[in-house]
$ cat structure-v4.pdb   # PDB, C-alpha atoms
ATOM      1  CA  MET A   1      68.824  53.288 228.458
ATOM      2  CA  THR A   2      69.562  56.206 226.247
ATOM      3  CA  MET A   3      70.155  59.882 225.823
ATOM      4  CA  THR A   4      66.627  61.232 225.581
ATOM      5  CA  LEU A   5      65.604  64.697 224.501
ATOM      6  CA  VAL A   6      63.290  66.176 227.115
ATOM      7  CA  GLU A   7      62.620  69.455 225.369
ATOM      8  CA  THR A   8      64.095  72.083 223.074
ATOM      9  CA  ILE A   9      63.103  75.677 223.714
ATOM     10  CA  THR A  10      63.751  78.489 221.240
ATOM     11  CA  VAL A  11      63.538  82.137 222.221
ATOM     12  CA  GLY A  12      61.031  84.074 220.168
ATOM     13  CA  SER A  13      60.786  87.616 218.930
ATOM     14  CA  GLY A  14      61.804  90.218 221.475
ATOM     15  CA  GLY A  15      64.071  87.903 223.437
ATOM     16  CA  ALA A  16      63.496  86.393 226.860
ATOM     17  CA  ALA A  17      64.908  86.794 230.338
ATOM     18  CA  SER A  18      65.424  83.036 230.633
ATOM     19  CA  ILE A  19      64.686  79.602 229.243
ATOM     20  CA  GLU A  20      62.921  77.410 231.767
ATOM     21  CA  PHE A  21      62.838  73.627 232.049
ATOM     22  CA  THR A  22      60.430  72.541 234.759
ATOM     23  CA  GLY A  23      59.097  69.206 235.890
ATOM     24  CA  ILE A  24      62.271  67.428 234.806
ATOM     25  CA  PRO A  25      61.593  63.665 234.836
ATOM     26  CA  GLN A  26      63.436  61.924 237.655
ATOM     27  CA  THR A  27      64.068  58.799 235.612
ATOM     28  CA  GLY A  28      67.632  59.485 234.519
ATOM     29  CA  VAL A  29      71.169  59.353 235.871
ATOM     30  CA  ASP A  30      72.735  62.499 234.369
ATOM     31  CA  LEU A  31      71.551  65.610 232.521
ATOM     32  CA  GLN A  32      73.031  67.274 229.467
ATOM     33  CA  LEU A  33      72.148  70.803 228.435
ATOM     34  CA  VAL A  34      73.030  72.040 224.937
ATOM     35  CA  ILE A  35      72.809  75.786 224.445
ATOM     36  CA  SER A  36      73.049  78.104 221.455
ATOM     37  CA  SER A  37      72.961  81.568 222.910
ATOM     38  CA  ARG A  38      73.366  85.274 222.279
ATOM     39  CA  SER A  39      72.953  88.008 224.865
ATOM     40  CA  THR A  40      71.189  91.353 224.514
ATOM     41  CA  SER A  41      73.917  92.907 226.679
ATOM     42  CA  SER A  42      77.666  93.370 226.423
ATOM     43  CA  SER A  43      78.318  90.455 228.775
ATOM     44  CA  THR A  44      79.333  87.080 227.451
ATOM     45  CA  LEU A  45      78.787  85.112 230.656
ATOM     46  CA  GLY A  46      75.798  82.844 231.058
ATOM     47  CA  LEU A  47      74.285  81.294 234.156
ATOM     48  CA  ILE A  48      72.083  78.388 235.055
ATOM     49  CA  LYS A  49      69.562  78.430 237.858
ATOM     50  CA  ILE A  50      68.798  75.183 239.656
ATOM     51  CA  ASN A  51      65.439  74.598 241.301
ATOM     52  CA  GLY A  52      64.649  78.304 241.123
ATOM     53  CA  VAL A  53      67.587  79.396 243.294
ATOM     54  CA  ASN A  54      69.132  82.630 242.062
ATOM     55  CA  SER A  55      72.864  83.285 242.023
ATOM     56  CA  GLY A  56      74.418  85.641 244.525
ATOM     57  CA  GLY A  57      74.884  85.913 248.271
ATOM     58  CA  ALA A  58      74.644  82.634 250.123
ATOM     59  CA  SER A  59      72.982  80.864 247.240
ATOM     60  CA  GLY A  60      75.297  77.858 247.388
ATOM     61  CA  TYR A  61      76.697  78.226 243.887
ATOM     62  CA  ALA A  62      80.399  78.226 243.002
ATOM     63  CA  ALA A  63      82.183  78.147 239.690
ATOM     64  CA  LYS A  64      85.624  78.334 238.156
ATOM     65  CA  PHE A  65      86.389  78.804 234.489
ATOM     66  CA  LEU A  66      89.429  78.525 232.285
ATOM     67  CA  ALA A  67      89.194  80.400 229.004
ATOM     68  CA  SER A  68      91.371  81.009 225.990
ATOM     69  CA  SER A  69      91.026  83.975 223.660
ATOM     70  CA  GLY A  70      93.449  82.819 221.014
ATOM     71  CA  SER A  71      96.207  85.019 222.366
ATOM     72  CA  SER A  72      95.982  84.504 226.111
ATOM     73  CA  ALA A  73      94.558  82.151 228.719
ATOM     74  CA  PHE A  74      92.847  83.325 231.860
ATOM     75  CA  SER A  75      90.867  81.955 234.750
ATOM     76  CA  GLY A  76      88.102  83.344 236.919
ATOM     77  CA  GLY A  77      85.182  82.443 239.110
ATOM     78  CA  ASP A  78      83.662  82.964 242.517
ATOM     79  CA  SER A  79      81.474  81.436 245.195
ATOM     80  CA  PHE A  80      78.224  83.174 244.376
ATOM     81  CA  TYR A  81      77.315  82.748 240.734
ATOM     82  CA  ALA A  82      76.288  79.696 238.739
ATOM     83  CA  ARG A  83      78.437  80.529 235.751
ATOM     84  CA  ALA A  84      77.979  77.833 233.193
ATOM     85  CA  PHE A  85      78.571  79.057 229.636
ATOM     86  CA  PHE A  86      79.801  81.794 227.317
ATOM     87  CA  ALA A  87      77.554  83.470 224.768
ATOM     88  CA  ASN A  88      77.954  85.988 221.995
ATOM     89  CA  ARG A  89      77.426  89.538 223.190
ATOM     90  CA  SER A  90      74.929  91.968 221.686
ATOM     91  CA  THR A  91      77.573  93.809 219.683
ATOM     92  CA  ALA A  92      78.729  90.642 217.943
ATOM     93  CA  THR A  93      78.160  90.176 214.227
ATOM     94  CA  ALA A  94      74.514  89.500 213.470
ATOM     95  CA  SER A  95      73.437  85.856 213.531
ATOM     96  CA  THR A  96      76.425  84.684 215.557
ATOM     97  CA  PHE A  97      75.685  82.597 218.632
ATOM     98  CA  GLY A  98      77.808  80.859 221.255
ATOM     99  CA  ASN A  99      77.608  77.095 221.699
ATOM    100  CA  SER A 100      77.838  75.214 224.962
ATOM    101  CA  LEU A 101      77.453  71.746 226.363
ATOM    102  CA  ILE A 102      76.834  71.404 230.100
ATOM    103  CA  TYR A 103      76.963  68.032 231.836
ATOM    104  CA  LEU A 104      75.324  67.636 235.259
ATOM    105  CA  SER A 105      75.987  64.397 237.103
ATOM    106  CA  ASN A 106      73.634  62.481 239.374
ATOM    107  CA  TYR A 107      70.867  65.022 239.251
ATOM    108  CA  THR A 108      68.453  62.947 241.331
ATOM    109  CA  SER A 109      70.966  62.239 244.086
ATOM    110  CA  THR A 110      70.924  63.626 247.615
ATOM    111  CA  VAL A 111      74.452  64.996 247.425
ATOM    112  CA  ASN A 112      75.630  68.375 246.176
ATOM    113  CA  LYS A 113      75.293  68.925 242.446
ATOM    114  CA  THR A 114      78.177  69.635 240.072
ATOM    115  CA  TRP A 115      78.516  70.424 236.407
ATOM    116  CA  SER A 116      81.215  70.692 233.794
ATOM    117  CA  SER A 117      80.839  72.765 230.689
ATOM    118  CA  ASP A 118      82.511  73.165 227.306
ATOM    119  CA  SER A 119      81.716  76.502 225.767
ATOM    120  CA  VAL A 120      82.750  78.559 222.738
ATOM    121  CA  GLU A 121      81.851  81.941 221.286
ATOM    122  CA  GLU A 122      83.314  83.537 218.205
ATOM    123  CA  ASN A 123      82.628  86.870 216.559
ATOM    124  CA  ASN A 124      83.807  86.983 212.987
ATOM    125  CA  GLY A 125      87.447  86.889 214.000
ATOM    126  CA  THR A 126      87.299  89.957 216.253
ATOM    127  CA  ASP A 127      87.003  88.030 219.484
ATOM    128  CA  ALA A 128      86.626  84.436 220.470
ATOM    129  CA  TYR A 129      86.659  82.362 223.597
ATOM    130  CA  ALA A 130      86.919  78.671 224.206
ATOM    131  CA  ALA A 131      86.271  77.758 227.817
ATOM    132  CA  ILE A 132      85.800  74.973 230.269
ATOM    133  CA  ILE A 133      83.782  75.667 233.384
ATOM    134  CA  ALA A 134      83.465  73.799 236.662
ATOM    135  CA  GLY A 135      80.424  74.519 238.790
ATOM    136  CA  SER A 136      78.718  73.304 241.912
ATOM    137  CA  PHE A 137      75.504  73.872 243.811
ATOM    138  CA  THR A 138      75.300  73.037 247.506
ATOM    139  CA  SER A 139      71.963  71.287 247.701
ATOM    140  CA  THR A 140      70.826  67.782 248.537
ATOM    141  CA  SER A 141      67.607  68.165 246.578
ATOM    142  CA  ALA A 142      67.132  66.489 243.224
ATOM    143  CA  ILE A 143      67.183  68.832 240.249
ATOM    144  CA  THR A 144      63.586  69.295 239.143
ATOM    145  CA  SER A 145      63.960  72.564 237.253
ATOM    146  CA  LEU A 146      66.688  74.347 235.328
ATOM    147  CA  SER A 147      66.833  77.852 233.934
ATOM    148  CA  VAL A 148      69.236  79.278 231.372
ATOM    149  CA  LEU A 149      69.949  82.997 231.556
ATOM    150  CA  HIS A 150      72.624  85.614 231.098
ATOM    151  CA  GLU A 151      74.507  87.400 233.825
ATOM    152  CA  THR A 152      73.188  90.673 232.451
ATOM    153  CA  GLY A 153      70.672  91.257 229.696
ATOM    154  CA  ASN A 154      68.299  88.804 228.082
ATOM    155  CA  LEU A 155      68.595  85.884 225.736
ATOM    156  CA  ALA A 156      68.325  87.165 222.196
ATOM    157  CA  GLU A 157      65.788  85.855 219.705
ATOM    158  CA  HIS A 158      66.729  82.488 218.163
ATOM    159  CA  SER A 159      68.729  81.403 221.215
ATOM    160  CA  THR A 160      67.945  77.759 221.957
ATOM    161  CA  ALA A 161      68.456  75.280 224.758
ATOM    162  CA  SER A 162      67.919  71.532 224.655
ATOM    163  CA  LEU A 163      67.759  69.338 227.726
ATOM    164  CA  TYR A 164      68.636  65.657 227.546
ATOM    165  CA  ILE A 165      68.287  62.954 230.145
ATOM    166  CA  ILE A 166      70.958  60.280 230.133
ATOM    167  CA  SER A 167      69.568  57.170 231.709
TER     168      SER A 167
ATOM    169  CA  MET B   1      70.635  62.599 211.472
ATOM    170  CA  ALA B   2      70.258  59.745 213.904
ATOM    171  CA  THR B   3      70.125  60.633 217.574
ATOM    172  CA  PRO B   4      73.337  59.641 219.328
ATOM    173  CA  THR B   5      72.599  56.861 221.777
ATOM    174  CA  TYR B   6      74.216  56.409 225.125
ATOM    175  CA  ASP B   7      73.732  53.005 226.678
ATOM    176  CA  LEU B   8      74.422  52.671 230.378
ATOM    177  CA  LEU B   9      76.754  49.665 230.466
ATOM    178  CA  GLU B  10      77.476  49.624 234.173
ATOM    179  CA  SER B  11      76.523  51.757 237.144
ATOM    180  CA  VAL B  12      77.831  51.423 240.669
ATOM    181  CA  THR B  13      76.580  53.269 243.716
ATOM    182  CA  LEU B  14      78.477  52.138 246.777
ATOM    183  CA  THR B  15      76.470  50.829 249.699
ATOM    184  CA  SER B  16      79.655  50.181 251.655
ATOM    185  CA  SER B  17      83.129  51.659 251.472
ATOM    186  CA  ALA B  18      85.419  50.278 248.790
ATOM    187  CA  ALA B  19      89.133  50.553 248.078
ATOM    188  CA  SER B  20      88.521  50.440 244.338
ATOM    189  CA  VAL B  21      85.865  49.994 241.685
ATOM    190  CA  THR B  22      86.502  48.144 238.444
ATOM    191  CA  PHE B  23      84.386  47.949 235.327
ATOM    192  CA  SER B  24      85.510  44.746 233.675
ATOM    193  CA  SER B  25      84.570  42.717 230.608
ATOM    194  CA  ILE B  26      83.479  45.931 228.916
ATOM    195  CA  ASP B  27      81.179  45.371 225.944
ATOM    196  CA  GLN B  28      83.274  45.834 222.781
ATOM    197  CA  SER B  29      80.447  46.685 220.408
ATOM    198  CA  TYR B  30      80.322  50.459 220.891
ATOM    199  CA  GLY B  31      82.285  53.252 219.245
ATOM    200  CA  ASP B  32      83.336  55.224 222.307
ATOM    201  CA  LEU B  33      82.991  55.099 226.069
ATOM    202  CA  ILE B  34      81.973  57.833 228.492
ATOM    203  CA  LEU B  35      82.808  57.490 232.155
ATOM    204  CA  THR B  36      81.307  59.754 234.821
ATOM    205  CA  LEU B  37      82.319  59.831 238.472
ATOM    206  CA  MET B  38      81.039  61.559 241.550
ATOM    207  CA  THR B  39      82.954  60.353 244.565
ATOM    208  CA  GLY B  40      83.849  61.017 248.168
ATOM    209  CA  ASN B  41      86.414  59.300 250.357
ATOM    210  CA  ASP B  42      86.639  58.173 253.952
ATOM    211  CA  SER B  43      89.924  59.861 254.893
ATOM    212  CA  GLY B  44      88.417  63.200 255.789
ATOM    213  CA  PHE B  45      90.926  64.792 253.442
ATOM    214  CA  SER B  46      91.124  65.592 249.788
ATOM    215  CA  ARG B  47      92.656  62.543 248.128
ATOM    216  CA  GLN B  48      93.639  61.787 244.584
ATOM    217  CA  ASN B  49      91.766  59.268 242.486
ATOM    218  CA  TYR B  50      93.781  56.837 240.410
ATOM    219  CA  VAL B  51      92.359  55.535 237.161
ATOM    220  CA  TYR B  52      93.952  52.681 235.201
ATOM    221  CA  LEU B  53      93.108  51.041 231.914
ATOM    222  CA  ASN B  54      93.269  47.256 231.683
ATOM    223  CA  GLY B  55      94.967  47.242 235.078
ATOM    224  CA  ASP B  56      98.064  48.898 233.612
ATOM    225  CA  THR B  57      99.978  50.751 236.333
ATOM    226  CA  GLY B  58     103.117  51.100 234.229
ATOM    227  CA  ASN B  59     104.624  54.296 232.831
ATOM    228  CA  ASN B  60     102.424  54.254 229.750
ATOM    229  CA  TYR B  61     100.225  57.339 229.995
ATOM    230  CA  HIS B  62     101.108  60.619 228.264
ATOM    231  CA  TYR B  63      99.159  63.849 228.537
ATOM    232  CA  VAL B  64      98.766  67.570 227.955
ATOM    233  CA  ALA B  65      96.489  69.448 230.320
ATOM    234  CA  MET B  66      95.137  72.810 231.343
ATOM    235  CA  ARG B  67      93.782  74.077 234.622
ATOM    236  CA  GLY B  68      92.047  77.221 235.851
ATOM    237  CA  THR B  69      91.926  77.923 239.571
ATOM    238  CA  GLY B  70      89.829  81.045 239.368
ATOM    239  CA  SER B  71      92.884  83.267 239.350
ATOM    240  CA  VAL B  72      95.593  81.353 237.521
ATOM    241  CA  ALA B  73      95.490  79.652 234.127
ATOM    242  CA  ALA B  74      98.078  76.971 233.541
ATOM    243  CA  SER B  75      99.027  74.407 230.953
ATOM    244  CA  PHE B  76     101.346  71.469 231.469
ATOM    245  CA  SER B  77     102.220  68.111 230.031
ATOM    246  CA  GLY B  78     103.900  64.891 230.945
ATOM    247  CA  THR B  79     105.075  61.569 229.633
ATOM    248  CA  ASP B  80     105.455  58.142 231.127
ATOM    249  CA  ASP B  81     102.857  58.737 233.796
ATOM    250  CA  THR B  82     101.235  55.839 235.608
ATOM    251  CA  LEU B  83      97.575  56.790 235.432
ATOM    252  CA  VAL B  84      94.996  58.613 233.334
ATOM    253  CA  GLN B  85      95.368  62.360 233.862
ATOM    254  CA  ALA B  86      92.524  64.766 234.462
ATOM    255  CA  GLY B  87      94.387  68.059 234.222
ATOM    256  CA  ASP B  88      94.454  68.282 237.988
ATOM    257  CA  SER B  89      94.573  65.971 240.930
ATOM    258  CA  ILE B  90      91.224  64.249 240.808
ATOM    259  CA  ARG B  91      90.529  65.065 244.372
ATOM    260  CA  SER B  92      87.406  64.300 246.268
ATOM    261  CA  LYS B  93      86.529  64.605 249.897
ATOM    262  CA  ASN B  94      82.786  64.889 250.172
ATOM    263  CA  LEU B  95      80.172  63.544 247.825
ATOM    264  CA  GLY B  96      79.109  66.259 245.413
ATOM    265  CA  ASP B  97      82.456  68.065 245.383
ATOM    266  CA  MET B  98      83.583  66.801 242.042
ATOM    267  CA  ASN B  99      82.350  65.795 238.656
ATOM    268  CA  TRP B 100      84.612  64.002 236.237
ATOM    269  CA  VAL B 101      83.574  63.237 232.668
ATOM    270  CA  VAL B 102      85.891  61.079 230.587
ATOM    271  CA  ASN B 103      85.630  60.282 226.888
ATOM    272  CA  LEU B 104      87.544  57.209 225.702
ATOM    273  CA  PHE B 105      87.674  57.152 221.924
ATOM    274  CA  ASP B 106      87.676  54.075 219.678
ATOM    275  CA  TYR B 107      88.314  51.985 222.756
ATOM    276  CA  SER B 108      87.848  48.615 221.086
ATOM    277  CA  ALA B 109      90.401  49.191 218.321
ATOM    278  CA  THR B 110      93.480  46.986 218.412
ATOM    279  CA  ASP B 111      95.598  48.941 215.932
ATOM    280  CA  LYS B 112      96.056  52.255 217.719
ATOM    281  CA  HIS B 113      96.987  53.842 221.024
ATOM    282  CA  LYS B 114      93.952  55.045 222.969
ATOM    283  CA  SER B 115      93.016  58.715 223.257
ATOM    284  CA  VAL B 116      91.278  59.963 226.366
ATOM    285  CA  LEU B 117      89.698  63.383 226.860
ATOM    286  CA  THR B 118      88.770  64.468 230.382
ATOM    287  CA  ARG B 119      86.953  67.388 231.961
ATOM    288  CA  LEU B 120      87.117  67.914 235.673
ATOM    289  CA  THR B 121      85.039  69.936 238.059
ATOM    290  CA  ASN B 122      86.781  70.111 241.425
ATOM    291  CA  LEU B 123      85.125  72.350 244.003
ATOM    292  CA  SER B 124      86.045  70.458 247.123
ATOM    293  CA  GLY B 125      87.630  73.439 248.842
ATOM    294  CA  ALA B 126      91.074  72.007 248.164
ATOM    295  CA  SER B 127      92.778  72.976 244.919
ATOM    296  CA  ASP B 128      89.482  74.117 243.379
ATOM    297  CA  ALA B 129      89.691  74.132 239.611
ATOM    298  CA  ALA B 130      88.190  73.639 236.223
ATOM    299  CA  ALA B 131      90.508  71.386 234.285
ATOM    300  CA  ALA B 132      90.786  69.367 231.121
ATOM    301  CA  ALA B 133      93.331  66.963 229.729
ATOM    302  CA  ALA B 134      94.071  65.002 226.604
ATOM    303  CA  SER B 135      95.823  61.732 227.312
ATOM    304  CA  ARG B 136      97.217  58.863 225.325
ATOM    305  CA  TRP B 137      97.519  55.366 226.667
ATOM    306  CA  ALA B 138     100.484  53.871 224.816
ATOM    307  CA  ASN B 139      98.910  50.521 224.174
ATOM    308  CA  THR B 140      97.076  49.119 221.160
ATOM    309  CA  ALA B 141      95.008  46.694 223.199
ATOM    310  CA  ALA B 142      91.258  47.156 223.350
ATOM    311  CA  ILE B 143      90.136  48.647 226.643
ATOM    312  CA  THR B 144      88.402  45.840 228.464
ATOM    313  CA  SER B 145      88.553  47.164 232.011
ATOM    314  CA  ILE B 146      88.752  50.460 233.885
ATOM    315  CA  THR B 147      89.852  50.584 237.517
ATOM    316  CA  MET B 148      89.329  53.554 239.828
ATOM    317  CA  ALA B 149      90.918  53.806 243.262
ATOM    318  CA  PRO B 150      91.444  56.614 245.770
ATOM    319  CA  ASN B 151      94.951  57.112 247.121
ATOM    320  CA  ASN B 152      95.430  55.414 250.514
ATOM    321  CA  THR B 153      91.798  55.466 251.518
ATOM    322  CA  THR B 154      88.417  54.091 250.507
ATOM    323  CA  TYR B 155      85.535  55.486 248.523
ATOM    324  CA  SER B 156      82.688  56.513 250.769
ATOM    325  CA  VAL B 157      79.166  55.173 250.717
ATOM    326  CA  GLY B 158      77.111  56.826 247.998
ATOM    327  CA  SER B 159      79.972  57.326 245.542
ATOM    328  CA  THR B 160      78.738  56.758 242.010
ATOM    329  CA  PHE B 161      80.465  55.468 238.894
ATOM    330  CA  ASN B 162      78.706  55.269 235.537
ATOM    331  CA  LEU B 163      80.014  53.816 232.292
ATOM    332  CA  TYR B 164      78.211  54.537 229.026
ATOM    333  CA  GLY B 165      78.715  53.116 225.574
ATOM    334  CA  VAL B 166      78.157  55.478 222.658
ATOM    335  CA  ALA B 167      76.661  53.696 219.685
ATOM    336  CA  LYS B 168      78.686  53.669 216.451
TER     337      LYS B 168
END
$ encode --input "structure-v4.pdb" --output "structure tokens"
Amino acid sequence: MTMTLVETITVGSGGAASIEFTGIPQTGVDLQLVISSRSTSSSTLGLIKINGVNSGGASGYAAKFLASSGSSAFSGGDSFYARAFFANRSTATASTFGNSLIYLSNYTSTVNKTWSSDSVEENNGTDAYAAIIAGSFTSTSAITSLSVLHETGNLAEHSTASLYIIS
Amino acid sequence: MATPTYDLLESVTLTSSAASVTFSSIDQSYGDLILTLMTGNDSGFSRQNYVYLNGDTGNNYHYVAMRGTGSVAASFSGTDDTLVQAGDSIRSKNLGDMNWVVNLFDYSATDKHKSVLTRLTNLSGASDAAAAAASRWANTAAITSITMAPNNTTYSVGSTFNLYGVAK
């Protein structure tokens, strides 16, 4: 009974619209997703996609976040998007990436799915966020696939995501 | 670097309603503990979860916390509380509404107060929030038991409670 690495995926040259984990083994209790990410757009917000269901409309996703910039604290969220992490934006200093840890409980269960996330991004002292994020997905299906993507833009080259099963 | 190892020490999925769940005689050979909860309750309302260490319901828990509701960011603190804080009421109504992850550091030490870090996802439709808290249990005893109980109701069938040991 351990924390087992399922797969690490690194984005190659040219970037990628998403990182996809499919065929997730159903042998665990919880999932942990570790992300190092940079966006090709000006947005810092990142999303996850569960079982191929996109955010928006009546997708069943909801999220709230609490973030600190070093000078102020603020909160946001809505009932449509699977917000799950913060990433460095495209204008950030080269080679800087955000780091996030997302914990999803009881991913094989037949109740709605929830996650909690710790996330940071820092840009050479010019901006920085530390955030916690609460998210949920109204679905009784087990999680068999997960995607990592940005709200706008792509994942920049060298972004990585690692999926662990905790069993 | 060695891969951190989580060992599942105890796991409870309720097959009948229960007023409380206790993990007792906790293995003392690990460095830290991680507790995860996903619960519902039978009241039909959002109810607070109480969490106690070693059965201590005295005024021995101190905390600083933060909470984001989606529109308001808040920070608060307290002393002499009677339970482990989560940064928000640890409410749950329906299974799948909440996710609570708790780190208990150096839990087997007998020469220090115990530090507890919590992260809460609460999207039950009542007091929705992302929250976190740092707590201190003012007791040098090793943590040998953790008790969880909903306020004035019972946990519903299917509620899950997992306790992991993190290898030193």
$ atom_distance --input "structure-v4.pdb" --atom1 "CA of Ala138 in chain B" --atom2 "CA of Gly55 in chain B"
13.4 Å
$ atom_distance --input "structure-v4.pdb" --atom1 "CA of Ile146 in chain B" --atom2 "CA of Thr110 in chain A"
26.1 Å
$ closest_atom_pairs --input "structure-v4.pdb" --of "chain B" --to "chain A" --cutoff "9 Å" --atoms "all atoms listed in the file" --output "CSV"
residue,atom,partner,partner_atom,distance
B:Thr3,CA,A:Met3,CA,8.3
B:Pro4,CA,A:Met3,CA,7.2
B:Thr5,CA,A:Thr2,CA,5.4
B:Tyr6,CA,A:Thr2,CA,4.8
B:Asp7,CA,A:Met1,CA,5.2
B:Leu8,CA,A:Met1,CA,6.0
B:Leu9,CA,A:Met1,CA,8.9
B:Thr36,CA,A:Ser105,CA,7.4
B:Leu37,CA,A:Ser105,CA,7.9
B:Met38,CA,A:Ser105,CA,7.3
B:Met66,CA,A:Leu66,CA,8.1
B:Arg67,CA,A:Leu66,CA,6.6
B:Gly68,CA,A:Leu66,CA,4.6
B:Thr69,CA,A:Ser75,CA,6.4
B:Gly70,CA,A:Gly76,CA,3.8
B:Ser71,CA,A:Ser75,CA,5.2
B:Val72,CA,A:Ser75,CA,5.5
B:Ala73,CA,A:Phe74,CA,5.1
B:Ala74,CA,A:Ala73,CA,7.9
B:Asn94,CA,A:Val111,CA,8.8
B:Leu95,CA,A:Val111,CA,5.9
B:Gly96,CA,A:Asn112,CA,4.1
B:Asp97,CA,A:Asn112,CA,6.9
B:Met98,CA,A:Thr114,CA,6.4
B:Asn99,CA,A:Thr114,CA,5.8
B:Trp100,CA,A:Ser116,CA,7.9
B:Val101,CA,A:Ser116,CA,7.9
B:Arg119,CA,A:Ser116,CA,6.9
B:Leu120,CA,A:Ser116,CA,6.8
B:Thr121,CA,A:Ala134,CA,4.4
B:Asn122,CA,A:Ala134,CA,6.9
B:Leu123,CA,A:Ser136,CA,6.8
B:Asp128,CA,A:Lys64,CA,7.7
B:Ala129,CA,A:Lys64,CA,6.0
B:Ala130,CA,A:Ala134,CA,4.7
B:Ala131,CA,A:Ile132,CA,7.2
B:Ala132,CA,A:Ile132,CA,7.6
B:Gly158,CA,A:Val111,CA,8.6
B:Thr160,CA,A:Asn106,CA,8.1
B:Asn162,CA,A:Val29,CA,8.6
$ closest_residue --input "structure-v4.pdb" --among "B:Asp56, B:Asp32, B:Asp42, B:His113" --to "Ser159 in chain B" --atoms "all atoms listed in the file"
B:Asp42
$ resolve_selection --input "structure-v4.pdb" --expression "the PyMOL selection byres ((chain A and resi 13) around 9)" --output "list in words"
Val11, Gly12, Gly14, Gly15, Ala16, Ala156, Glu157 and His158 of chain A
$ atom_distance --input "structure-v4.pdb" --atom1 "CA of Ala130 in chain A" --atom2 "CA of Ala84 in chain A"
12.7 Å
$ axis_aligned_box --input "structure-v4.pdb" --around "range 138-142 of chain A" --padding-each-side "5 Å" --output "JSON"
{"center_x": 71.2, "center_y": 69.8, "center_z": 245.9, "size_x": 18.2, "size_y": 16.5, "size_z": 15.3}
